[in-house]
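Enquirer: mmCIF, C-alpha atoms, file run-v8.cif:
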data_upload
loop_
_atom_site.label_atom_id
_atom_site.label_comp_id
_atom_site.auth_asym_id
_atom_site.auth_seq_id
_atom_site.Cartn_x
_atom_site.Cartn_y
_atom_site.Cartn_z
CA MET A 1 -21.87 23.06 -115.07
CA GLN A 2 -23.93 21.93 -118.05
CA LEU A 3 -22.05 19.86 -120.62
CA VAL A 4 -23.30 20.47 -124.13
CA ILE A 5 -22.85 17.51 -126.47
CA ARG A 6 -22.85 18.01 -130.22
CA ALA A 7 -23.45 15.25 -132.76
CA VAL A 8 -21.56 14.87 -136.01
CA ALA A 9 -23.18 12.74 -138.71
CA LEU A 10 -20.98 10.02 -140.15
CA GLY A 11 -23.52 8.60 -142.57
CA ALA A 12 -25.85 5.61 -142.30
CA GLY A 13 -27.29 7.07 -139.11
CA CYS A 14 -24.03 6.79 -137.19
CA VAL A 15 -22.78 9.72 -135.11
CA VAL A 16 -19.75 10.59 -133.05
CA LEU A 17 -20.34 12.69 -129.96
CA ALA A 18 -17.93 15.47 -129.17
CA ALA A 19 -17.90 17.92 -126.28
CA PRO A 20 -16.94 21.52 -127.06
CA GLY A 21 -13.42 22.22 -125.83
CA ALA A 22 -12.51 18.56 -125.78
CA GLY A 23 -9.08 17.52 -127.02
CA PRO A 24 -8.41 15.44 -130.14
CA LEU A 25 -10.23 12.12 -130.28
CA ARG A 26 -6.89 10.41 -130.86
CA ALA A 27 -3.26 11.40 -131.01
CA ALA A 28 -2.67 12.23 -134.68
CA THR A 29 0.56 10.77 -135.96
CA GLU A 30 0.68 12.35 -139.40
CA PRO A 31 3.82 14.39 -140.11
CA GLU A 32 3.27 18.11 -140.52
CA PRO A 33 2.49 19.18 -144.11
CA LEU A 34 5.32 21.71 -144.07
CA TRP A 35 4.48 23.04 -147.53
CA ALA A 36 1.06 24.20 -146.29
CA TYR A 37 2.72 26.38 -143.64
CA GLY A 38 5.38 27.74 -145.98
CA PHE A 39 8.37 25.94 -144.46
CA LEU A 40 10.90 23.40 -145.71
CA THR A 41 12.04 21.91 -142.40
CA PRO A 42 10.17 20.92 -139.21
CA PRO A 43 10.22 23.28 -136.23
CA ALA A 44 12.95 22.77 -133.65
CA PRO A 45 12.16 22.58 -129.93
CA GLY A 46 11.42 26.05 -128.62
CA ASP A 47 10.81 27.56 -132.06
CA LYS A 48 8.17 30.27 -132.16
CA ALA A 49 6.95 32.89 -134.57
CA LYS A 50 9.05 35.95 -135.19
CA PRO A 51 6.93 39.09 -134.69
CA GLN A 52 5.77 40.68 -137.93
CA ALA A 53 7.10 44.17 -138.45
CA PRO A 54 4.57 46.98 -137.85
CA PRO A 55 3.38 48.95 -140.89
CA SER A 56 5.77 51.56 -142.24
CA ARG A 57 5.90 54.11 -145.04
CA LYS A 58 9.62 54.74 -144.63
CA LEU A 59 12.18 54.33 -147.38
CA ARG A 60 14.13 51.10 -147.22
CA PRO A 61 17.84 52.04 -147.15
CA LYS A 62 19.00 49.07 -149.25
CA GLU A 63 16.61 49.84 -152.11
CA ASP A 64 16.73 52.59 -154.72
CA ALA A 65 14.72 55.56 -153.42
CA SER A 66 13.40 56.56 -156.84
CA GLU A 67 12.08 53.03 -157.43
CA GLN A 68 10.28 53.12 -154.09
CA THR A 69 8.60 56.45 -154.78
CA ARG A 70 7.72 56.35 -158.50
CA PRO A 71 4.01 55.84 -159.28
CA ARG A 72 2.89 52.36 -160.40
CA ARG A 73 -0.21 51.37 -162.36
CA VAL A 74 -2.15 48.15 -163.00
CA GLU A 75 -4.31 47.38 -166.00
CA GLY A 76 -7.92 48.42 -165.64
CA SER A 77 -7.38 50.74 -162.68
CA ALA A 78 -7.41 54.53 -162.66
CA ALA A 79 -5.33 54.61 -159.47
CA SER A 80 -1.57 54.92 -159.09
CA TYR A 81 0.54 54.06 -156.04
CA SER A 82 4.22 54.00 -155.15
CA ARG A 83 5.94 51.05 -153.51
CA LEU A 84 5.93 53.03 -150.26
CA GLU A 85 2.17 53.34 -150.41
CA ILE A 86 1.67 49.72 -151.43
CA ARG A 87 3.77 48.48 -148.50
CA ASP A 88 2.04 50.69 -145.93
CA LEU A 89 -0.29 48.15 -144.37
CA GLY A 90 -1.83 50.78 -142.10
CA ASN A 91 -3.24 52.61 -145.12
CA VAL A 92 -4.51 49.92 -147.46
CA ILE A 93 -4.36 50.81 -151.14
CA ASP A 94 -7.39 50.22 -153.36
CA TRP A 95 -6.81 49.50 -157.05
CA PHE A 96 -10.43 48.59 -157.74
CA PRO A 97 -12.87 50.31 -155.34
CA GLY A 98 -15.80 49.17 -157.46
CA ASP A 99 -15.06 45.50 -156.71
CA HIS A 100 -16.16 45.71 -153.07
CA PRO A 101 -18.13 47.79 -150.57
CA PRO A 102 -16.50 51.05 -149.39
CA MET A 103 -13.63 50.23 -147.04
CA SER A 104 -14.43 51.24 -143.48
CA PRO A 105 -11.63 52.36 -141.11
CA ILE A 106 -11.06 48.83 -139.70
CA ILE A 107 -10.59 47.42 -143.22
CA LYS A 108 -8.35 50.25 -144.41
CA HIS A 109 -6.43 51.18 -141.24
CA GLY A 110 -6.98 48.47 -138.63
CA PRO A 111 -7.92 48.71 -134.94
CA ALA A 112 -8.02 52.33 -133.82
CA SER A 113 -6.58 51.41 -130.41
CA LEU A 114 -3.25 50.37 -131.98
CA GLY A 115 -2.54 53.78 -133.50
CA GLU A 116 0.40 53.73 -135.91
CA ALA A 117 1.03 50.04 -135.17
CA ALA A 118 -2.34 49.05 -136.65
CA ARG A 119 -2.70 47.22 -139.94
CA GLY A 120 -5.90 47.15 -141.97
CA CYS A 121 -7.78 43.90 -142.51
CA GLY A 122 -7.49 44.57 -146.24
CA SER A 123 -3.69 44.59 -146.09
CA CYS A 124 -3.34 40.82 -145.74
CA HIS A 125 -6.78 39.63 -146.82
CA LEU A 126 -6.97 42.22 -149.64
CA PRO A 127 -9.86 44.67 -150.05
CA ASN A 128 -11.85 41.96 -151.84
CA GLY A 129 -11.29 39.50 -148.97
CA LYS A 130 -9.82 36.74 -151.17
CA GLY A 131 -6.59 36.63 -149.21
CA ARG A 132 -3.46 34.74 -150.17
CA PRO A 133 -2.09 31.22 -149.56
CA GLU A 134 -0.17 32.34 -146.46
CA ASN A 135 -3.28 33.78 -144.79
CA ALA A 136 -7.04 33.25 -145.05
CA PRO A 137 -9.75 33.83 -147.67
CA VAL A 138 -12.38 35.65 -145.61
CA ILE A 139 -14.72 36.82 -148.36
CA GLY A 140 -18.26 35.49 -148.00
CA LEU A 141 -17.82 34.05 -144.50
CA PRO A 142 -21.03 34.07 -142.43
CA VAL A 143 -21.07 36.97 -139.98
CA SER A 144 -21.63 34.74 -136.95
CA TYR A 145 -18.79 32.39 -137.98
CA PHE A 146 -16.41 35.31 -138.58
CA ILE A 147 -17.19 36.82 -135.18
CA ARG A 148 -16.69 33.45 -133.50
CA GLN A 149 -13.26 33.08 -135.09
CA MET A 150 -12.23 36.54 -133.92
CA GLU A 151 -13.29 35.57 -130.40
CA ASP A 152 -11.13 32.44 -130.71
CA PHE A 153 -8.16 34.58 -131.74
CA ARG A 154 -8.81 36.93 -128.83
CA ASN A 155 -8.80 34.02 -126.41
CA GLU A 156 -5.82 32.37 -128.15
CA VAL A 157 -7.70 29.11 -128.66
CA ARG A 158 -7.09 29.35 -132.39
CA VAL A 159 -3.39 28.80 -132.91
CA SER A 160 -1.18 27.18 -135.54
CA ALA A 161 0.15 23.63 -135.27
CA ASP A 162 3.45 25.09 -136.50
CA PRO A 163 4.60 27.57 -133.83
CA ARG A 164 6.62 29.53 -136.40
CA LYS A 165 3.59 30.74 -138.39
CA PRO A 166 3.92 34.51 -137.86
CA ASN A 167 0.45 35.75 -138.76
CA THR A 168 -1.16 33.75 -135.94
CA PRO A 169 0.23 35.93 -133.13
CA THR A 170 -0.48 38.96 -135.30
CA MET A 171 -4.14 37.91 -135.43
CA HIS A 172 -4.14 37.45 -131.65
CA LEU A 173 -2.84 41.02 -131.30
CA LEU A 174 -5.34 42.50 -133.73
CA ALA A 175 -8.33 40.61 -132.33
CA LYS A 176 -7.55 41.73 -128.79
CA ALA A 177 -7.19 45.33 -129.96
CA MET A 178 -10.47 45.40 -131.88
CA THR A 179 -13.69 46.58 -130.31
CA ASP A 180 -16.81 44.46 -130.67
CA GLU A 181 -18.11 47.04 -133.13
CA GLU A 182 -14.94 46.80 -135.23
CA VAL A 183 -15.25 43.01 -135.29
CA LYS A 184 -18.88 43.22 -136.40
CA GLU A 185 -18.03 45.87 -138.98
CA SER A 186 -15.30 43.73 -140.56
CA ALA A 187 -17.51 40.61 -140.45
CA GLU A 188 -20.34 42.38 -142.28
CA TYR A 189 -17.94 43.89 -144.84
CA PHE A 190 -16.48 40.55 -145.92
CA ALA A 191 -19.83 38.74 -145.70
CA ALA A 192 -21.34 41.20 -148.17
CA MET A 193 -19.17 39.81 -150.99
CA ARG A 194 -19.57 36.50 -152.80
CA TRP A 195 -16.67 34.16 -153.57
CA THR A 196 -15.59 34.07 -157.21
CA PRO A 197 -12.78 32.05 -158.89
CA TRP A 198 -9.30 32.86 -157.58
CA MET A 199 -7.29 29.62 -157.87
CA ARG A 200 -6.32 27.59 -160.95
CA VAL A 201 -5.63 23.91 -160.24
CA ILE A 202 -3.09 22.04 -162.39
CA GLU A 203 -2.37 18.33 -161.90
CA THR A 204 1.31 17.65 -162.53
CA GLU A 205 4.24 15.43 -161.59
CA PHE A 206 6.64 18.36 -161.60
CA VAL A 207 6.51 21.97 -160.40
CA PRO A 208 8.72 25.01 -160.97
CA LYS A 209 11.62 25.47 -158.60
CA THR A 210 10.59 27.93 -155.91
CA ARG A 211 11.83 30.09 -153.09
CA ILE A 212 9.85 30.93 -149.96
CA VAL A 213 9.23 34.56 -149.01
CA GLY A 214 6.94 35.29 -146.07
CA ASN A 215 5.63 31.68 -146.05
CA LEU A 216 4.63 32.01 -149.71
CA PHE A 217 6.16 29.96 -152.53
CA LEU A 218 7.44 32.11 -155.39
CA PRO A 219 8.58 30.51 -158.67
CA LEU A 220 12.16 30.87 -159.82
CA GLY A 221 11.07 30.17 -163.39
CA LYS A 222 8.24 28.72 -165.45
CA GLU A 223 9.80 25.37 -166.34
CA ARG A 224 8.56 22.48 -164.18
CA THR A 225 11.63 20.52 -163.14
CA GLU A 226 11.11 19.70 -159.45
CA PRO A 227 9.09 16.62 -158.38
CA ILE A 228 5.87 17.61 -156.66
CA ALA A 229 6.48 14.79 -154.16
CA GLY A 230 2.95 14.56 -152.77
CA ARG A 231 2.69 18.27 -151.99
CA ILE A 232 0.52 21.11 -153.22
CA ILE A 233 2.54 24.10 -154.35
CA GLU A 234 0.71 27.43 -154.71
CA VAL A 235 2.37 30.26 -156.60
CA PRO A 236 1.12 33.60 -157.94
CA GLU A 237 -0.12 33.69 -161.52
CA ASP A 238 2.04 36.80 -161.92
CA GLU A 239 4.62 37.56 -159.23
CA GLU A 240 4.97 41.22 -160.22
CA GLN A 241 1.22 41.81 -160.01
CA SER A 242 0.75 39.84 -156.81
CA GLU A 243 3.85 40.66 -154.79
CA VAL A 244 5.06 44.05 -156.00
CA LEU A 245 1.74 45.68 -156.86
CA ARG A 246 -0.66 43.73 -154.60
CA ASN A 247 -3.14 43.53 -157.45
CA PRO A 248 -6.32 41.94 -155.98
CA ARG A 249 -7.38 40.70 -159.40
CA SER A 250 -4.23 38.63 -159.90
CA GLY A 251 -4.84 35.12 -158.54
CA PHE A 252 -2.85 31.95 -157.90
CA ILE A 253 -1.96 28.60 -159.42
CA ALA A 254 -2.21 25.46 -157.30
CA TYR A 255 -0.05 22.61 -158.58
CA VAL A 256 -1.44 19.31 -157.24
CA PRO A 257 -0.35 15.65 -157.69
CA VAL A 258 -1.69 13.73 -160.67
CA GLY A 259 -4.88 11.87 -159.73
CA SER A 260 -5.42 13.82 -156.51
CA VAL A 261 -8.55 15.64 -157.74
CA LYS A 262 -10.37 12.35 -158.47
CA GLN A 263 -9.18 10.82 -155.20
CA GLY A 264 -10.38 13.89 -153.34
CA GLU A 265 -13.77 13.79 -155.04
CA ASN A 266 -14.46 10.39 -153.49
CA LEU A 267 -13.52 11.56 -149.99
CA VAL A 268 -15.38 14.86 -150.30
CA THR A 269 -18.60 13.50 -151.79
CA THR A 270 -18.93 10.17 -149.94
CA GLY A 271 -16.46 10.36 -147.08
CA GLY A 272 -14.64 7.44 -148.70
CA MET A 273 -17.69 5.17 -148.38
CA THR A 274 -17.62 1.89 -150.35
CA VAL A 275 -20.03 -0.96 -151.04
CA ALA A 276 -18.94 -4.55 -150.31
CA ASP A 277 -21.18 -7.59 -150.73
CA GLY A 278 -24.14 -5.28 -151.24
CA LYS A 279 -23.54 -3.51 -147.93
CA ILE A 280 -22.45 0.07 -147.34
CA VAL A 281 -19.05 0.34 -145.65
CA PRO A 282 -18.63 3.79 -144.03
CA GLY A 283 -15.54 5.70 -145.05
CA LYS A 284 -12.90 7.32 -142.88
CA THR A 285 -14.56 10.73 -142.92
CA VAL A 286 -17.82 12.57 -143.67
CA ALA A 287 -19.14 13.97 -146.94
CA CYS A 288 -18.28 17.67 -146.82
CA ALA A 289 -21.71 18.70 -148.13
CA THR A 290 -23.24 17.50 -144.85
CA CYS A 291 -22.16 20.74 -143.19
CA HIS A 292 -20.72 22.98 -145.92
CA GLY A 293 -23.73 22.78 -148.24
CA PRO A 294 -24.42 20.90 -151.50
CA ASP A 295 -22.19 23.25 -153.51
CA LEU A 296 -19.66 23.61 -150.65
CA MET A 297 -20.33 27.34 -150.66
CA GLY A 298 -21.39 27.32 -147.02
CA LEU A 299 -24.59 26.59 -145.13
CA ALA A 300 -26.09 28.68 -142.31
CA ASP A 301 -23.12 29.68 -140.14
CA VAL A 302 -20.75 27.08 -141.66
CA PRO A 303 -18.15 28.60 -144.01
CA GLY A 304 -17.81 27.92 -147.72
CA ILE A 305 -14.74 26.01 -148.86
CA ALA A 306 -15.18 25.59 -152.64
CA GLY A 307 -12.44 27.13 -154.76
CA ARG A 308 -10.36 28.34 -151.82
CA SER A 309 -6.65 28.09 -151.13
CA PRO A 310 -5.58 24.45 -150.67
CA SER A 311 -2.71 25.49 -148.41
CA TYR A 312 -5.18 27.23 -146.12
CA LEU A 313 -7.58 24.27 -146.20
CA VAL A 314 -4.85 21.77 -145.32
CA ARG A 315 -3.50 23.96 -142.51
CA GLN A 316 -6.95 24.12 -140.94
CA MET A 317 -7.57 20.37 -141.22
CA TYR A 318 -4.17 19.60 -139.72
CA ASP A 319 -4.56 22.25 -136.99
CA MET A 320 -7.86 20.69 -135.99
CA GLN A 321 -6.48 17.16 -136.12
CA GLN A 322 -3.63 18.22 -133.84
CA GLY A 323 -5.93 20.12 -131.46
CA ALA A 324 -4.33 23.49 -132.23
CA ARG A 325 -7.74 24.96 -133.09
CA ARG A 326 -9.80 24.63 -129.93
CA GLY A 327 -12.61 27.09 -130.48
CA ALA A 328 -16.34 26.45 -130.37
CA SER A 329 -16.48 25.18 -133.97
CA ALA A 330 -13.48 22.86 -133.72
CA PRO A 331 -15.16 19.89 -131.95
CA LEU A 332 -17.44 19.41 -134.96
CA MET A 333 -14.44 18.99 -137.25
CA LYS A 334 -12.16 16.89 -135.03
CA PRO A 335 -13.88 13.54 -135.66
CA VAL A 336 -14.13 14.42 -139.37
CA VAL A 337 -10.36 14.84 -139.78
CA ASP A 338 -9.26 12.35 -137.12
CA LYS A 339 -8.46 9.45 -139.47
CA LEU A 340 -7.22 11.45 -142.45
CA THR A 341 -3.66 11.03 -143.69
CA GLY A 342 -1.42 13.62 -145.30
CA GLU A 343 -2.32 12.15 -148.69
CA ASP A 344 -6.01 12.54 -147.84
CA PHE A 345 -5.48 16.19 -146.92
CA VAL A 346 -3.83 16.81 -150.30
CA ALA A 347 -6.59 15.01 -152.21
CA ILE A 348 -9.44 16.75 -150.40
CA ALA A 349 -7.87 20.19 -150.87
CA ALA A 350 -7.06 19.52 -154.55
CA TYR A 351 -10.66 18.59 -155.32
CA VAL A 352 -12.32 21.30 -153.23
CA THR A 353 -10.05 23.99 -154.69
CA SER A 354 -10.81 22.79 -158.23
CA LEU A 355 -14.53 23.51 -157.81
CA VAL A 356 -15.75 26.62 -159.59
CA PRO A 357 -18.30 28.61 -157.58
CA PRO A 358 -21.73 28.81 -159.23
CA PRO A 359 -22.50 32.04 -161.14
CA THR A 360 -24.04 34.94 -159.26
CA HIS A 361 -27.67 35.63 -160.13
#
Just give me the structure of the file as C-alpha cells.

Expert:
Amino acid sequence: MQLVIRAVALGAGCVVLAAPGAGPLRAATEPEPLWAYGFLTPPAPGDKAKPQAPPSRKLRPKEDASEQTRPRRVEGSAASYSRLEIRDLGNVIDWFPGDHPPMSPIIKHGPASLGEAARGCGSCHLPNGKGRPENAPVIGLPVSYFIRQMEDFRNEVRVSADPRKPNTPTMHLLAKAMTDEEVKESAEYFAAMRWTPWMRVIETEFVPKTRIVGNLFLPLGKERTEPIAGRIIEVPEDEEQSEVLRNPRSGFIAYVPVGSVKQGENLVTTGGMTVADGKIVPGKTVACATCHGPDLMGLADVPGIAGRSPSYLVRQMYDMQQGARRGASAPLMKPVVDKLTGEDFVAIAAYVTSLVPPPTH
C-alpha cells in the first residue's frame, strides 16, 4: 500500500507532515465550545442525536389551523406561501427565484430514492446556499470540495464532535441516498453562486438573553443584559423573517467579545508569528491565506471562509482538532488547529466573519 504524505506550510520554510486518515497529532484538551453546537450543557455518556422529523405538510394539532394555512408575504417578493408550505422541507419554497439558478429536483425536493422522506438541499441551506448558523453555508464552494465532503458524509468519516448534533446523521442519510449525478448537480448549483454579505459582527460585553430552538439561538429581547462570557452568539436579524417565513434575504448578527476581531486578525494573517531580538518566532498556527486565498474567498479546491458563520467555522475547527472530521481534506487542517485554544477559535472566527467579500465584477 502506498502511503501518501502531504505537507502543510507553517511559515519560514517549516512544514508538518501528515498522512491522510491519520488521527489527531495530539490529544486536544480544550473544552467543547457548546455555544457553537447550540447546546448549554456538555453531552452525557451515551448521548446521541435525536433523528430529525421527516418533511410534512400536515396541520399541527396544537396550532391554529387558519394561521397555518393563511398566505404570507415578504417584502420584495411576488410569491405567497402558507406556514404549511414553508415548513414542507420536501418542497422548498422560493421567495426570490431571481437570486439563484433555477432549483433542480435535488435542491427543491431532495434525493429521489427517499420518496416522501426526502428533503431538498435548499430547505436547510436555503435556495441561495447561505445556510444558517446551525448548518453550513455551501454557496460558492468548489465543486470538487463539495463532492469530497458528500463522499465523507456517505462514508461517515465526517461527524460532529458533539454526538447530539442532529443534522449530522441527517446528512449521512441524504448523502447515502443521493446518486453521483445528484451530488454533482447540487455541487454545481451552489458553486455557480458567489458569496455576498450575510453576517453582521458586533463586538460587545453583553448579549441579549436567548433561548435555543433547533440548535439556533433566538433572542428573547433586544436589550443586551447577559455577559457574552467568551462566546460568540449568533441570532437572526429578524426572527419573524428568518424563522417563520424562511426569508433568504434576512441575515444574522454575530455578537463577539470585545477585542476578539483584532486578536483574530493577528492569528489569521500571521499565524500568531512574532519578532523577538530581530528573529521571526513562528506562531501557533498558519496564516489562513496560505490555503484559503489572499482574500479568504477560497483557492483552487479549498473553500472560502470570509464572512461566513462563526458558529460553523468554530465547529469545523474543533471537529478537526478532535479528529471527528476524518475525510481526505482533514489531515491538512489538523496541524493548523492542533495548538489552538477555545479563545483562539473565537478570535479567528470573529475576524474571518467580519470580513466583507470583495464586490462582484

Enquirer: Pull the closest atom pair for each residue of stretch 181-263 of chain A that gets at most 10 Å from stretch 79-84 of chain A, along with the distance in Å to one decimal, counting only C-alpha atoms, ordering rows by chain and then ascending residue number, as a Markdown table.

Expert:
| residue | atom | partner | partner_atom | distance |
| --- | --- | --- | --- | --- |
| A:Val244 | CA | A:Arg83 | CA | 7.5 |
| A:Leu245 | CA | A:Arg83 | CA | 7.6 |
| A:Arg246 | CA | A:Arg83 | CA | 9.9 |

Enquirer: Please evaluate the PyMOL selection byres ((chain A and resi 111) around 10) against the displayed coordinates and give the resulting residues as a ChimeraX atom specification.

Expert: /A:90,105-110,112-121,173-179,182-183

Enquirer: Which residues are near A:Val352? Cut-off 6 Å, all atoms listed in the file, ignore same chain within fewer than 3 positions. Put them as a list of chain:residue names.

Expert: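 Close residues of A:Val352: A:Ala306, A:Ala349, A:Leu355.
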
Enquirer: Please evaluate the PyMOL selection byres ((chain A and resi 239) around 12) against the structure above and give the resulting residues as a list of chain:residue names.

Expert: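 That expression, the PyMOL selection byres ((chain A and resi 239) around 12), corresponds here to A:Thr210, A:Val213, A:Leu216, A:Phe217, A:Leu218, A:Pro219, A:Leu220, A:Gly221, A:Lys222, A:Glu234, A:Val235, A:Pro236, A:Glu237, A:Asp238, A:Glu240, A:Gln241, A:Ser242, A:Glu243, A:Val244, A:Leu245, A:Arg246, A:Asn247, A:Ser250, A:Gly251, A:Phe252, A:Ile253.
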
Enquirer: In Å, rounded to a single decimal, give me how far atom CA of A:Ala136 is from atom CA of A:Ser77.

Expert: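 Here the two named atoms are 24.8 Å from each other.
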
Enquirer: Check the smallest atom-to-atom distance from each of A:Ser160, A:Ser144, A:Asn266, A:Ser309 to A:Ala328 using all atoms listed in the file, then report the winner.

Expert: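 Checking each of A:Ser160, A:Ser144, A:Asn266, A:Ser309 against A:Ala328, counting all atoms listed in the file, the winner is A:Ser144.
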
Enquirer: Suppose you want the space between atom CA of A:Val275 and atom CA of A:Ala289; what is it in Å?

Expert: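 Rounded to one decimal, the two atoms are 19.9 Å apart.
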
Enquirer: Nearest to A:Arg249 among A:Asp162, A:Glu151, A:Glu75, A:Glu205, with distances taken over all atoms listed in the file: which residue is it?

Expert: A:Glu75

Enquirer: I need the residue set behind the PyMOL selection byres ((chain A and resi 133) around 6) for this file; please write it as a PDB file with C-alpha atoms, in the frame of the given file.

Expert:
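For reference, expr_36.pdb as written:
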ATOM      1  CA  ARG A 132      -3.460  34.740-150.170  1.00  0.00           C
ATOM      2  CA  GLU A 134      -0.170  32.340-146.460  1.00  0.00           C
ATOM      3  CA  ASN A 135      -3.280  33.780-144.790  1.00  0.00           C
ATOM      4  CA  SER A 309      -6.650  28.090-151.130  1.00  0.00           C
ATOM      5  CA  SER A 311      -2.710  25.490-148.410  1.00  0.00           C
TER       6      SER A 311
END

Enquirer: Of the candidates A:Met273, A:Ile86, A:Leu340, A:Ala187, which shows the shortest atom-to-atom distance to A:Gln149, using all atoms listed in the file?

Expert: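 Under the stated criterion, the closest residue is A:Ala187.
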
Enquirer: Need the shell around A:Phe206: protein/DNA/RNA residues with any atom at most 12 Å away, counting only C-alpha atoms. Skip same-chain ones fewer than 3 positions apart. Format as a list in words?

Expert: Ile202, Glu203, Lys209, Thr210, Lys222, Glu223, Arg224, Thr225, Glu226, Pro227, Ile228, Ala229, Gly230, Arg231, Ile232, Ile233, Tyr255, Val256, Pro257 and Val258 of chain A

Enquirer: Find, counting all atoms listed in the file, the residue in A:Arg315, A:Arg194, A:Arg57, A:His172 that gets nearest to A:Val92.

Expert: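 Looking at the shortest contact to A:Val92, the residue is A:Arg57.
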
Enquirer: Distance cut-off 9 Å, centre (-5.2, 28.0, -132.4) in file coordinates, counting all atoms listed in the file: which residues qualify? Return them as a ChimeraX atom specification.

Expert: /A:152-153,156-161,168,319-320,323-327

Enquirer: So how many Å separate atom CA of A:Asp295 and atom CA of A:Tyr145, to one decimal?

Expert: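 It comes out at 18.3 Å.
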
Enquirer: Starting from 8 Å padding per side, set up an axis-aligned box that covers all listed atoms of stretch 350-358 of chain A and hand over centre and edge lengths in Å, one decimal, as AutoDock Vina command-line options.

Expert:
--center_x -14.4 --center_y 23.7 --center_z -156.4 --size_x 30.7 --size_y 26.2 --size_z 22.4

Enquirer: Compare A:Ala78, A:Ser260, A:Pro166, A:Lys184 by their minimum atom-to-atom distance to A:Ser104, counting all atoms listed in the file, and give me the closest one.

Expert: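 Under the stated criterion, the closest residue is A:Lys184.
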
Enquirer: For each of A:Met199, A:Ala65, A:Pro31, A:Pro101, take the minimum atom-to-atom distance to A:Phe345, counting all atoms listed in the file, then give the residue where this is smallest.

Expert: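 Using all atoms listed in the file, A:Phe345 sits closest to A:Pro31.
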